[in-house]
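J.: File name query.csv; file contents CSV, C-alpha atoms; full text below.
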chain,number,residue,atom,x,y,z
A,1,MET,CA,35.2,51.0,41.9
A,2,ASN,CA,37.1,50.7,45.2
A,3,PRO,CA,37.4,54.2,46.6
A,4,VAL,CA,39.7,55.2,49.4
A,5,ILE,CA,40.9,58.3,51.2
A,6,GLY,CA,44.5,58.4,52.4
A,7,LEU,CA,44.6,60.4,55.5
A,8,ASP,CA,47.9,61.8,56.9
A,9,VAL,CA,47.2,62.8,60.5
A,10,SER,CA,49.3,65.3,62.4
A,11,LYS,CA,48.8,67.5,65.5
A,12,GLY,CA,45.6,69.5,65.1
A,13,GLU,CA,45.1,68.9,61.4
A,14,SER,CA,45.1,66.3,58.7
A,15,HIS,CA,45.7,66.0,54.9
A,16,ALA,CA,43.5,63.8,52.8
A,17,GLN,CA,43.9,62.4,49.2
A,18,ALA,CA,41.1,60.5,47.6
A,19,PHE,CA,41.3,57.7,45.0
A,20,LEU,CA,38.3,56.4,43.1
A,21,ASP,CA,40.2,53.2,42.3
A,22,ARG,CA,43.7,51.9,42.0
A,23,GLY,CA,45.8,54.5,40.1
A,24,VAL,CA,42.9,56.9,39.9
A,25,PRO,CA,43.4,59.9,42.3
A,26,HIS,CA,40.4,62.1,42.7
A,27,GLY,CA,40.9,65.8,43.2
A,28,LYS,CA,43.6,67.7,45.1
A,29,ILE,CA,44.9,67.3,48.6
A,30,PHE,CA,42.3,68.3,51.1
A,31,ARG,CA,43.4,69.9,54.4
A,32,PHE,CA,41.2,70.2,57.5
A,33,SER,CA,41.7,71.0,61.2
A,34,HIS,CA,40.5,68.8,64.0
A,35,ASP,CA,37.9,71.1,65.3
A,36,LEU,CA,34.1,71.0,64.7
A,37,GLU,CA,34.3,73.2,61.6
A,38,GLY,CA,37.2,71.2,60.1
A,39,LEU,CA,35.6,67.8,60.8
A,40,ALA,CA,32.3,69.0,59.2
A,41,SER,CA,34.2,70.0,56.1
A,42,PHE,CA,35.9,66.6,56.0
A,43,SER,CA,32.5,65.0,56.2
A,44,ASN,CA,31.4,67.0,53.1
A,45,TYR,CA,34.7,65.9,51.4
A,46,ILE,CA,33.9,62.3,52.1
A,47,ARG,CA,30.4,62.7,50.7
A,48,GLY,CA,31.8,64.3,47.6
A,49,VAL,CA,34.1,61.2,47.0
A,50,GLU,CA,31.2,58.9,47.7
A,51,SER,CA,29.1,60.8,45.1
A,52,ALA,CA,31.9,60.5,42.5
A,53,ALA,CA,32.5,56.8,43.2
A,54,GLU,CA,28.9,55.9,43.7
A,55,MET,CA,29.8,54.1,46.9
A,56,PRO,CA,31.3,55.1,50.3
A,57,PRO,CA,35.1,55.2,50.4
A,58,SER,CA,37.3,53.5,53.0
A,59,ILE,CA,39.6,55.7,55.0
A,60,VAL,CA,43.2,54.7,55.8
A,61,MET,CA,45.5,56.4,58.2
A,62,GLU,CA,48.5,55.7,60.4
A,63,ALA,CA,48.3,55.2,64.1
A,64,THR,CA,49.6,58.5,65.5
A,65,GLY,CA,49.1,58.1,69.3
A,66,HIS,CA,46.5,60.6,70.5
A,67,TYR,CA,46.7,62.9,67.5
A,68,HIS,CA,44.2,60.8,65.5
A,69,SER,CA,41.8,60.4,68.4
A,70,PRO,CA,39.5,63.3,67.3
A,71,VAL,CA,39.3,61.9,63.7
A,72,VAL,CA,38.7,58.3,64.9
A,73,GLN,CA,35.9,59.4,67.2
A,74,PHE,CA,34.3,61.5,64.4
A,75,LEU,CA,34.5,58.6,62.0
A,76,ASP,CA,32.9,56.3,64.6
A,77,GLU,CA,30.1,58.7,65.2
A,78,GLN,CA,29.5,59.0,61.4
A,79,LYS,CA,29.7,55.2,60.9
A,80,TYR,CA,32.4,55.5,58.3
A,81,LEU,CA,34.6,52.5,57.6
A,82,TYR,CA,38.3,53.2,58.4
A,83,ILE,CA,41.6,51.4,58.7
A,84,VAL,CA,44.4,52.3,61.1
A,85,ILE,CA,47.7,50.8,60.1
A,86,ASN,CA,51.0,50.3,61.9
A,87,PRO,CA,53.4,53.2,61.0
A,88,LEU,CA,56.1,50.6,60.3
A,89,ILE,CA,54.1,49.2,57.4
A,90,SER,CA,53.7,52.6,55.8
A,91,HIS,CA,57.3,53.4,56.5
A,92,GLU,CA,58.6,50.3,54.7
A,93,ALA,CA,56.2,51.2,51.7
A,94,LYS,CA,57.7,54.7,51.5
A,95,LYS,CA,61.2,53.3,51.1
A,96,THR,CA,60.1,51.8,47.8
A,97,ASN,CA,59.1,55.2,46.6
A,98,LEU,CA,62.0,56.5,44.5
A,99,ARG,CA,61.1,60.1,45.1
A,100,ARG,CA,60.9,59.7,48.8
A,101,VAL,CA,59.3,63.1,49.3
A,102,LYS,CA,58.4,63.8,52.9
A,103,THR,CA,55.4,66.0,53.1
A,104,ASP,CA,52.0,65.6,54.6
A,105,ALA,CA,50.4,65.7,51.1
A,106,ALA,CA,52.8,63.1,49.8
A,107,ASP,CA,52.2,60.9,52.9
A,108,ALA,CA,48.4,61.1,52.3
A,109,TYR,CA,48.9,60.1,48.7
A,110,GLN,CA,51.2,57.1,49.6
A,111,LEU,CA,48.7,55.9,52.2
A,112,GLY,CA,46.0,55.8,49.4
A,113,VAL,CA,48.4,53.9,47.1
A,114,LEU,CA,49.3,51.5,49.9
A,115,PHE,CA,45.6,50.6,50.4
A,116,TYR,CA,45.5,48.9,47.0
A,117,LYS,CA,48.8,47.0,47.6
A,118,GLU,CA,47.9,45.5,50.9
A,119,GLU,CA,45.0,43.7,52.5
A,120,PHE,CA,43.9,45.6,55.5
A,121,GLU,CA,41.1,44.8,57.9
A,122,PRO,CA,38.7,47.6,58.9
A,123,TYR,CA,39.3,49.1,62.3
A,124,LYS,CA,37.2,47.3,64.9
A,125,LYS,CA,36.2,48.1,68.4
A,126,ARG,CA,38.8,45.7,69.5
A,127,GLY,CA,41.4,48.0,68.2
A,128,GLN,CA,39.9,50.9,70.1
A,129,HIS,CA,39.8,48.6,73.1
A,130,LEU,CA,43.6,48.0,72.8
A,131,MET,CA,44.2,51.7,72.5
A,132,ASN,CA,42.4,52.3,75.7
A,133,LEU,CA,44.4,49.5,77.4
A,134,ARG,CA,47.7,50.9,76.0
A,135,TYR,CA,46.9,54.4,77.3
A,136,LEU,CA,46.1,53.1,80.8
A,137,THR,CA,49.2,50.9,81.0
A,138,ARG,CA,51.4,53.8,80.0
A,139,GLN,CA,49.7,56.0,82.5
A,140,TYR,CA,50.3,53.3,85.1
A,141,GLU,CA,54.0,53.1,84.2
A,142,SER,CA,54.3,56.9,84.3
A,143,LEU,CA,52.6,57.2,87.6
A,144,THR,CA,54.6,54.4,89.1
A,145,GLY,CA,57.8,56.3,88.1
A,146,MET,CA,56.6,59.4,90.0
A,147,TYR,CA,55.6,57.2,92.9
A,148,VAL,CA,59.1,55.8,93.1
A,149,GLN,CA,60.6,59.3,93.1
A,150,ALA,CA,58.3,60.4,95.9
A,151,LYS,CA,59.3,57.3,97.9
A,152,LEU,CA,63.0,58.2,97.5
A,153,GLN,CA,62.3,61.8,98.7
A,154,PHE,CA,60.3,60.5,101.6
A,155,GLN,CA,63.1,58.2,102.7
A,156,SER,CA,65.6,61.0,102.5
A,157,ILE,CA,63.5,63.2,104.8
A,158,LEU,CA,62.6,60.3,107.2
A,159,ASP,CA,66.3,59.5,107.6
A,160,GLN,CA,66.8,63.1,109.0
A,161,VAL,CA,63.7,63.0,111.3
A,162,PHE,CA,63.0,59.4,112.5
A,163,PRO,CA,65.5,57.0,110.9
A,164,GLU,CA,64.6,54.2,113.4
A,165,TYR,CA,61.1,54.1,112.0
A,166,HIS,CA,62.3,51.9,109.2
A,167,GLY,CA,61.3,48.3,110.1
A,168,VAL,CA,58.6,49.1,112.6
A,169,PHE,CA,56.0,48.0,110.2
A,170,GLY,CA,56.5,45.2,107.6
A,171,ASP,CA,55.8,47.7,104.9
A,172,LEU,CA,57.1,51.2,105.4
A,173,TYR,CA,54.6,52.5,102.8
A,174,SER,CA,51.5,50.7,104.1
A,175,LYS,CA,48.6,52.9,104.8
A,176,VAL,CA,48.9,52.2,108.6
A,177,SER,CA,52.6,53.0,108.6
A,178,LEU,CA,52.2,56.3,106.7
A,179,ARG,CA,49.1,57.5,108.5
A,180,PHE,CA,50.6,56.8,111.9
A,181,LEU,CA,53.8,58.7,110.9
A,182,ALA,CA,51.6,61.6,109.7
A,183,LEU,CA,50.0,61.8,113.2
A,184,HIS,CA,53.2,61.2,115.2
A,185,PRO,CA,56.2,62.2,113.0
A,186,THR,CA,58.9,62.5,115.8
A,187,SER,CA,60.3,60.1,118.3
A,188,ARG,CA,59.6,62.6,121.1
A,189,GLU,CA,55.9,62.3,120.4
A,190,VAL,CA,56.0,58.5,120.4
A,191,ILE,CA,58.1,58.4,123.7
A,192,ALA,CA,55.5,60.6,125.3
A,193,MET,CA,52.8,57.9,124.6
A,194,SER,CA,52.3,54.7,126.6
A,195,ASP,CA,52.2,51.3,124.9
A,196,ASN,CA,48.4,51.2,125.3
A,197,GLU,CA,48.0,54.6,123.7
A,198,ILE,CA,50.2,53.5,120.8
A,199,THR,CA,48.4,50.2,120.5
A,200,THR,CA,45.0,52.0,120.4
A,201,ALA,CA,46.3,54.5,117.8
A,202,ILE,CA,47.5,51.7,115.5
A,203,GLY,CA,44.3,49.7,116.1
A,204,GLN,CA,42.2,52.7,115.0
A,205,LEU,CA,44.2,53.0,111.8
A,206,THR,CA,43.9,49.3,110.9
A,207,GLY,CA,40.2,49.0,111.7
A,208,ARG,CA,39.4,45.3,112.0
A,209,GLY,CA,42.2,44.3,109.8
A,210,LYS,CA,44.7,43.3,112.5
A,211,SER,CA,44.4,41.7,115.9
A,212,THR,CA,45.1,43.5,119.2
A,213,SER,CA,48.2,41.3,119.8
A,214,TRP,CA,49.6,42.5,116.4
A,215,CYS,CA,48.9,46.1,117.3
A,216,LEU,CA,50.6,45.7,120.7
A,217,GLU,CA,53.6,44.0,119.1
A,218,ARG,CA,54.0,46.9,116.6
A,219,ALA,CA,53.5,49.4,119.5
A,220,GLN,CA,56.4,47.8,121.5
A,221,ILE,CA,58.7,47.8,118.5
A,222,LEU,CA,57.8,51.4,117.7
A,223,ALA,CA,58.4,52.5,121.3
A,224,ALA,CA,61.9,50.8,121.3
A,225,ALA,CA,62.6,52.4,117.9
A,226,ALA,CA,61.7,55.8,119.3
A,227,ARG,CA,64.1,55.4,122.3
A,228,ARG,CA,66.9,54.4,119.9
A,229,ASN,CA,66.3,57.2,117.5
A,230,PRO,CA,69.2,59.7,117.4
A,231,PHE,CA,66.9,62.7,116.8
A,232,LYS,CA,64.5,63.4,119.6
A,233,GLU,CA,63.8,66.8,118.0
A,234,THR,CA,64.2,67.8,114.4
A,235,ALA,CA,66.6,70.6,113.8
A,236,PHE,CA,64.6,71.8,110.7
A,237,PRO,CA,60.8,72.3,111.1
A,238,SER,CA,60.8,72.4,107.3
A,239,HIS,CA,61.5,68.6,107.3
A,240,LEU,CA,58.3,68.0,109.2
A,241,ILE,CA,56.3,70.0,106.6
A,242,SER,CA,58.0,68.1,103.8
A,243,LEU,CA,57.3,64.8,105.5
A,244,GLN,CA,53.6,65.6,105.8
A,245,LEU,CA,53.3,66.6,102.2
A,246,LEU,CA,55.1,63.5,101.0
A,247,ILE,CA,53.0,61.2,103.1
A,248,LYS,CA,49.8,62.8,101.5
A,249,LEU,CA,51.4,62.5,98.1
A,250,LEU,CA,52.3,58.8,98.6
A,251,LEU,CA,48.8,57.9,99.8
A,252,GLN,CA,47.3,59.7,96.8
A,253,TYR,CA,49.7,57.9,94.4
A,254,GLN,CA,48.7,54.5,96.0
A,255,GLU,CA,45.0,55.3,95.5
A,256,HIS,CA,45.4,56.4,91.9
A,257,LEU,CA,47.6,53.4,91.1
A,258,ALA,CA,45.0,51.0,92.6
A,259,THR,CA,42.3,52.6,90.5
A,260,LEU,CA,44.4,52.4,87.4
A,261,ILE,CA,45.3,48.7,87.9
A,262,LYS,CA,41.6,47.9,88.4
A,263,SER,CA,40.7,49.6,85.2
A,264,VAL,CA,43.6,47.9,83.3
A,265,ASP,CA,42.5,44.5,84.6
A,266,ALA,CA,38.8,45.1,83.7
A,267,LEU,CA,39.8,46.0,80.1
A,268,ALA,CA,42.3,43.2,79.7
A,269,GLU,CA,39.9,40.6,81.0
A,270,GLU,CA,37.7,41.3,78.0
A,271,LEU,CA,40.5,40.1,75.7
A,272,LEU,CA,40.8,36.4,75.0
A,273,GLU,CA,44.6,36.5,74.8
A,274,TYR,CA,44.8,37.9,78.4
A,275,GLU,CA,44.0,34.5,80.0
A,276,LEU,CA,46.3,32.8,77.5
A,277,ILE,CA,49.3,35.0,78.4
A,278,GLN,CA,48.6,34.6,82.1
A,279,SER,CA,48.8,30.8,81.7
A,280,ILE,CA,52.5,31.2,81.1
A,281,PRO,CA,54.5,30.5,84.4
A,282,GLY,CA,55.7,33.7,86.0
A,283,ILE,CA,53.3,36.0,84.1
A,284,GLY,CA,51.0,37.9,86.4
A,285,THR,CA,48.2,40.3,85.7
A,286,LYS,CA,50.4,43.4,85.3
A,287,ILE,CA,52.8,41.8,82.9
A,288,ALA,CA,50.0,40.3,80.9
A,289,ALA,CA,48.3,43.6,80.6
A,290,ASN,CA,51.6,45.3,79.6
A,291,ASN,CA,51.9,42.9,76.7
A,292,PHE,CA,48.9,44.7,75.1
A,293,GLY,CA,50.1,48.1,76.1
Kindly present the structure from the file in structure tokens form.
T.:
Amino acid sequence: MNPVIGLDVSKGESHAQAFLDRGVPHGKIFRFSHDLEGLASFSNYIRGVESAAEMPPSIVMEATGHYHSPVVQFLDEQKYLYIVINPLISHEAKKTNLRRVKTDAADAYQLGVLFYKEEFEPYKKRGQHLMNLRYLTRQYESLTGMYVQAKLQFQSILDQVFPEYHGVFGDLYSKVSLRFLALHPTSREVIAMSDNEITTAIGQLTGRGKSTSWCLERAQILAAAARRNPFKETAFPSHLISLQLLIKLLLQYQEHLATLIKSVDALAEELLEYELIQSIPGIGTKIAANNFG
């Protein structure tokens, strides 16, 4: 015999249909929830199929994003053999079904039938590895989108408070630039400082990363920008509050994005294909990792 359990996974619950062999369904559709009690009942169901077939069944399911995560984790813990297939494969198979009934029970049945028609490889840790990488790259893309929106809001407020601040530092969103602006957000405050005071303040923010001459050059550029600035005082104190909040938000986004990219790189480097993709001219670490995500 070659037993299998077709598993249709949805949000919070799954439907299972067992087969003892090709064309030999076993029992009725079994429904269980993705909580401890439901997973325990599914374990009993698997053991029942194993007893009837006198060998452990394979379990086949579609990839359903995070919905199947509790089931996959449970199967890993219980050491069950399972197969996660691309939904496109099962979708094409369903087209050949003349009835084309779209229910969870029918989908579980069709997955069991599909198991005997195709040659699938058991789900390996590499697949779980790719799922982790996919999740992190999507989180990175999502967070990047929010970071871009925060930058646009920040620019809008800055243009109403200290528009001449643009260009003082090579990167407006560098940590030194943002932290200095958080301490001295108006041109009046900068004008009240001497070049030496500005140089010292910039030097303290850069640590040992920049030379004194670089800090002095930035100080002189900043002082000139403050004198050119059309707004010595902001007409709306709320703008200063918004500016401070956005600066904190931008710095947090930068920190989170840096952490994510380190995690993505660490996961991607464990895949042999990662180095191969990076060998293509113009392909860097982020693009290479996104190819897996």
J.: Segment 139-145 of chain A: which residues within 8 Å, counting all atoms listed in the file, same-chain residues fewer than 5 positions away excluded, as a list in words?
T.: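 These residues fall inside the cut-off: Tyr253, Leu257, Leu260 and Ile261 of chain A.
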J.: Could you tell me which of A:Ser187, A:Leu222, A:Leu136, A:Tyr147 comes closest to Thr259 of chain A if we count only C-alpha atoms?
T.: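 Looking at the shortest contact to Thr259 of chain A, the residue is A:Leu136.
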J.: Given the choices A:Phe236, A:Tyr116, A:Tyr82, A:Phe169, which gets closest to Gln220 of chain A if the distance is worked out from all atoms listed in the file?
T.: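 Closest candidate: A:Phe169.
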J.: Quick one: everything within 7 Å of Phe30 of chain A, counting all atoms listed in the file, minus sequence neighbours fewer than 4 positions away in the same chain. Send it as a list in words.
T.: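 Near neighbours after the sequence-gap exclusion: His15, Ala16 and Gln17 of chain A.
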J.: Those selected residues, please, written with C-alpha atoms and delivered as an mmCIF file, in the coordinates of the input.
T.:
data_model
loop_
_atom_site.group_PDB
_atom_site.id
_atom_site.type_symbol
_atom_site.label_atom_id
_atom_site.label_comp_id
_atom_site.auth_asym_id
_atom_site.auth_seq_id
_atom_site.Cartn_x
_atom_site.Cartn_y
_atom_site.Cartn_z
ATOM 1 C CA HIS A 15 45.700 66.000 54.900
ATOM 2 C CA ALA A 16 43.500 63.800 52.800
ATOM 3 C CA GLN A 17 43.900 62.400 49.200
#
J.: Using only C-alpha atoms, which residue out of A:Glu233, A:Asp159, A:Asp107, A:Glu62 lies closest to Val84 of chain A?
T.: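 Checking each candidate against Val84 of chain A, we get A:Glu62 as the closest.
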J.: Which residue, A:Ala52, A:Val161, A:Ala18, A:Leu36, has the smallest gap to His239 of chain A when you use all atoms listed in the file?
T.: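 Of the candidates, the smallest distance to His239 of chain A is held by A:Val161.
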J.: Any idea what the distance is between atom CA of Val4 of chain A and atom CA of Phe19 of chain A?
T.: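 Computing the Euclidean distance for atom CA of Val4 of chain A and atom CA of Phe19 of chain A yields 5.3 Å.
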J.: Excluding Phe231 of chain A and any residue of its chain fewer than 2 positions from it, enumerate the residues within 10 Å of it, using all atoms listed in the file, and give them as an mmCIF file with C-alpha atoms, in the coordinates of the input.
T.:
data_model
loop_
_atom_site.group_PDB
_atom_site.id
_atom_site.type_symbol
_atom_site.label_atom_id
_atom_site.label_comp_id
_atom_site.auth_asym_id
_atom_site.auth_seq_id
_atom_site.Cartn_x
_atom_site.Cartn_y
_atom_site.Cartn_z
ATOM 1 C CA ASP A 159 66.300 59.500 107.600
ATOM 2 C CA GLN A 160 66.800 63.100 109.000
ATOM 3 C CA VAL A 161 63.700 63.000 111.300
ATOM 4 C CA PHE A 162 63.000 59.400 112.500
ATOM 5 C CA PRO A 163 65.500 57.000 110.900
ATOM 6 C CA GLU A 164 64.600 54.200 113.400
ATOM 7 C CA THR A 186 58.900 62.500 115.800
ATOM 8 C CA SER A 187 60.300 60.100 118.300
ATOM 9 C CA ARG A 188 59.600 62.600 121.100
ATOM 10 C CA ALA A 226 61.700 55.800 119.300
ATOM 11 C CA ARG A 227 64.100 55.400 122.300
ATOM 12 C CA ARG A 228 66.900 54.400 119.900
ATOM 13 C CA ASN A 229 66.300 57.200 117.500
ATOM 14 C CA GLU A 233 63.800 66.800 118.000
ATOM 15 C CA THR A 234 64.200 67.800 114.400
ATOM 16 C CA ALA A 235 66.600 70.600 113.800
#
J.: Under the rule that all atoms listed in the file are counted, which of A:Gly12, A:Thr64, A:Gln149, A:Ser177 is the nearest residue to Leu88 of chain A?
T.: A:Thr64
J.: Which of these residues is nearest to Val113 of chain A, using only C-alpha atoms: A:Ile247, A:Ile5, A:Cys215, A:Leu81?
T.: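 Closest candidate: A:Ile5.
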J.: For atom CA of Ser33 of chain A and atom CA of Ile59 of chain A, determine how far apart the two atoms are, in Å to one decimal place.
T.: 16.6 Å
J.: Could you check how far atom CA of Phe74 of chain A sits from atom CA of Ala40 of chain A, in Å to one decimal?
T.: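 Taking atom CA of Phe74 of chain A and atom CA of Ala40 of chain A, their separation equals 9.3 Å.
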J.: List the residues sitting within 12 Å of (52.0, 64.4, 96.8) in the file's frame, using all atoms listed in the file, as a PyMOL selection string.
T.: chain A and resi 143+146-151+153-154+242-256
J.: May I have the protein, DNA and RNA residues with an atom at most 9 Å from (49.8, 53.8, 112.8), counting all atoms listed in the file in the file's coordinates, returned as a list in words?
T.: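 Output of the proximity query reads Phe169, Lys175, Val176, Ser177, Leu178, Arg179, Phe180, Leu181, Ala182, Leu183, His184, Ile198, Thr199, Ala201, Ile202, Gly203, Gln204, Leu205, Thr206, Cys215, Arg218 and Ala219 of chain A.
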J.: Residues of the last selection are to be written out with C-alpha atoms, as a compact mmCIF listing (two decimals), in the coordinates of the input.
T.:
# COMPACT_ATOMS: atom_id res chain seq x y z
CA PHE A 169 56.00 48.00 110.20
CA LYS A 175 48.60 52.90 104.80
CA VAL A 176 48.90 52.20 108.60
CA SER A 177 52.60 53.00 108.60
CA LEU A 178 52.20 56.30 106.70
CA ARG A 179 49.10 57.50 108.50
CA PHE A 180 50.60 56.80 111.90
CA LEU A 181 53.80 58.70 110.90
CA ALA A 182 51.60 61.60 109.70
CA LEU A 183 50.00 61.80 113.20
CA HIS A 184 53.20 61.20 115.20
CA ILE A 198 50.20 53.50 120.80
CA THR A 199 48.40 50.20 120.50
CA ALA A 201 46.30 54.50 117.80
CA ILE A 202 47.50 51.70 115.50
CA GLY A 203 44.30 49.70 116.10
CA GLN A 204 42.20 52.70 115.00
CA LEU A 205 44.20 53.00 111.80
CA THR A 206 43.90 49.30 110.90
CA CYS A 215 48.90 46.10 117.30
CA ARG A 218 54.00 46.90 116.60
CA ALA A 219 53.50 49.40 119.50
J.: Can you give me all heavy atoms for segment 107-116 of chain A, written as a CSV table (one decimal), in the coordinates of the input?
T.:
chain,number,residue,atom,x,y,z
A,107,ASP,N,52.5,62.0,52.0
A,107,ASP,CA,52.2,60.9,52.9
A,107,ASP,C,50.7,60.4,52.7
A,107,ASP,O,50.4,59.2,52.7
A,107,ASP,CB,52.4,61.3,54.3
A,107,ASP,CG,53.9,61.3,54.6
A,107,ASP,OD1,54.7,60.8,53.8
A,107,ASP,OD2,54.3,61.9,55.7
A,108,ALA,N,49.8,61.4,52.5
A,108,ALA,CA,48.4,61.1,52.3
A,108,ALA,C,48.3,60.3,51.0
A,108,ALA,O,47.5,59.3,50.9
A,108,ALA,CB,47.6,62.3,52.3
A,109,TYR,N,49.0,60.7,50.0
A,109,TYR,CA,48.9,60.1,48.7
A,109,TYR,C,49.4,58.6,48.8
A,109,TYR,O,48.8,57.7,48.3
A,109,TYR,CB,49.7,60.9,47.7
A,109,TYR,CG,49.6,60.4,46.2
A,109,TYR,CD1,48.7,61.0,45.4
A,109,TYR,CD2,50.3,59.3,45.7
A,109,TYR,CE1,48.5,60.6,44.1
A,109,TYR,CE2,50.2,58.9,44.4
A,109,TYR,CZ,49.3,59.5,43.6
A,109,TYR,OH,49.1,59.1,42.3
A,110,GLN,N,50.6,58.5,49.5
A,110,GLN,CA,51.2,57.1,49.6
A,110,GLN,C,50.3,56.2,50.4
A,110,GLN,O,50.3,55.0,50.1
A,110,GLN,CB,52.5,57.3,50.3
A,110,GLN,CG,53.6,57.9,49.4
A,110,GLN,CD,53.8,57.1,48.1
A,110,GLN,OE1,53.8,55.8,48.1
A,110,GLN,NE2,54.0,57.8,47.0
A,111,LEU,N,49.6,56.7,51.4
A,111,LEU,CA,48.7,55.9,52.2
A,111,LEU,C,47.5,55.3,51.3
A,111,LEU,O,47.1,54.2,51.4
A,111,LEU,CB,48.1,56.6,53.4
A,111,LEU,CG,49.0,56.8,54.5
A,111,LEU,CD1,48.4,57.8,55.5
A,111,LEU,CD2,49.3,55.5,55.2
A,112,GLY,N,47.1,56.2,50.4
A,112,GLY,CA,46.0,55.8,49.4
A,112,GLY,C,46.6,54.7,48.5
A,112,GLY,O,45.9,53.7,48.2
A,113,VAL,N,47.8,54.9,48.0
A,113,VAL,CA,48.4,53.9,47.1
A,113,VAL,C,48.6,52.6,47.9
A,113,VAL,O,48.4,51.5,47.3
A,113,VAL,CB,49.8,54.4,46.6
A,113,VAL,CG1,50.6,53.3,45.9
A,113,VAL,CG2,49.6,55.6,45.7
A,114,LEU,N,49.1,52.7,49.1
A,114,LEU,CA,49.3,51.5,49.9
A,114,LEU,C,48.1,50.6,50.1
A,114,LEU,O,48.1,49.4,50.2
A,114,LEU,CB,49.9,51.9,51.3
A,114,LEU,CG,50.3,50.8,52.3
A,114,LEU,CD1,51.4,49.9,51.7
A,114,LEU,CD2,50.8,51.4,53.6
A,115,PHE,N,46.9,51.3,50.2
A,115,PHE,CA,45.6,50.6,50.4
A,115,PHE,C,45.4,49.6,49.4
A,115,PHE,O,44.9,48.5,49.6
A,115,PHE,CB,44.5,51.7,50.4
A,115,PHE,CG,43.1,51.0,50.4
A,115,PHE,CD1,42.6,50.6,51.6
A,115,PHE,CD2,42.4,50.9,49.3
A,115,PHE,CE1,41.3,50.0,51.6
A,115,PHE,CE2,41.1,50.4,49.2
A,115,PHE,CZ,40.6,49.9,50.4
A,116,TYR,N,45.8,49.9,48.1
A,116,TYR,CA,45.5,48.9,47.0
A,116,TYR,C,46.6,47.8,46.9
A,116,TYR,O,46.4,46.8,46.3
A,116,TYR,CB,45.5,49.7,45.7
A,116,TYR,CG,44.3,50.7,45.6
A,116,TYR,CD1,44.5,52.1,45.7
A,116,TYR,CD2,43.0,50.2,45.5
A,116,TYR,CE1,43.5,53.0,45.7
A,116,TYR,CE2,42.0,51.1,45.4
A,116,TYR,CZ,42.2,52.5,45.5
A,116,TYR,OH,41.1,53.4,45.5
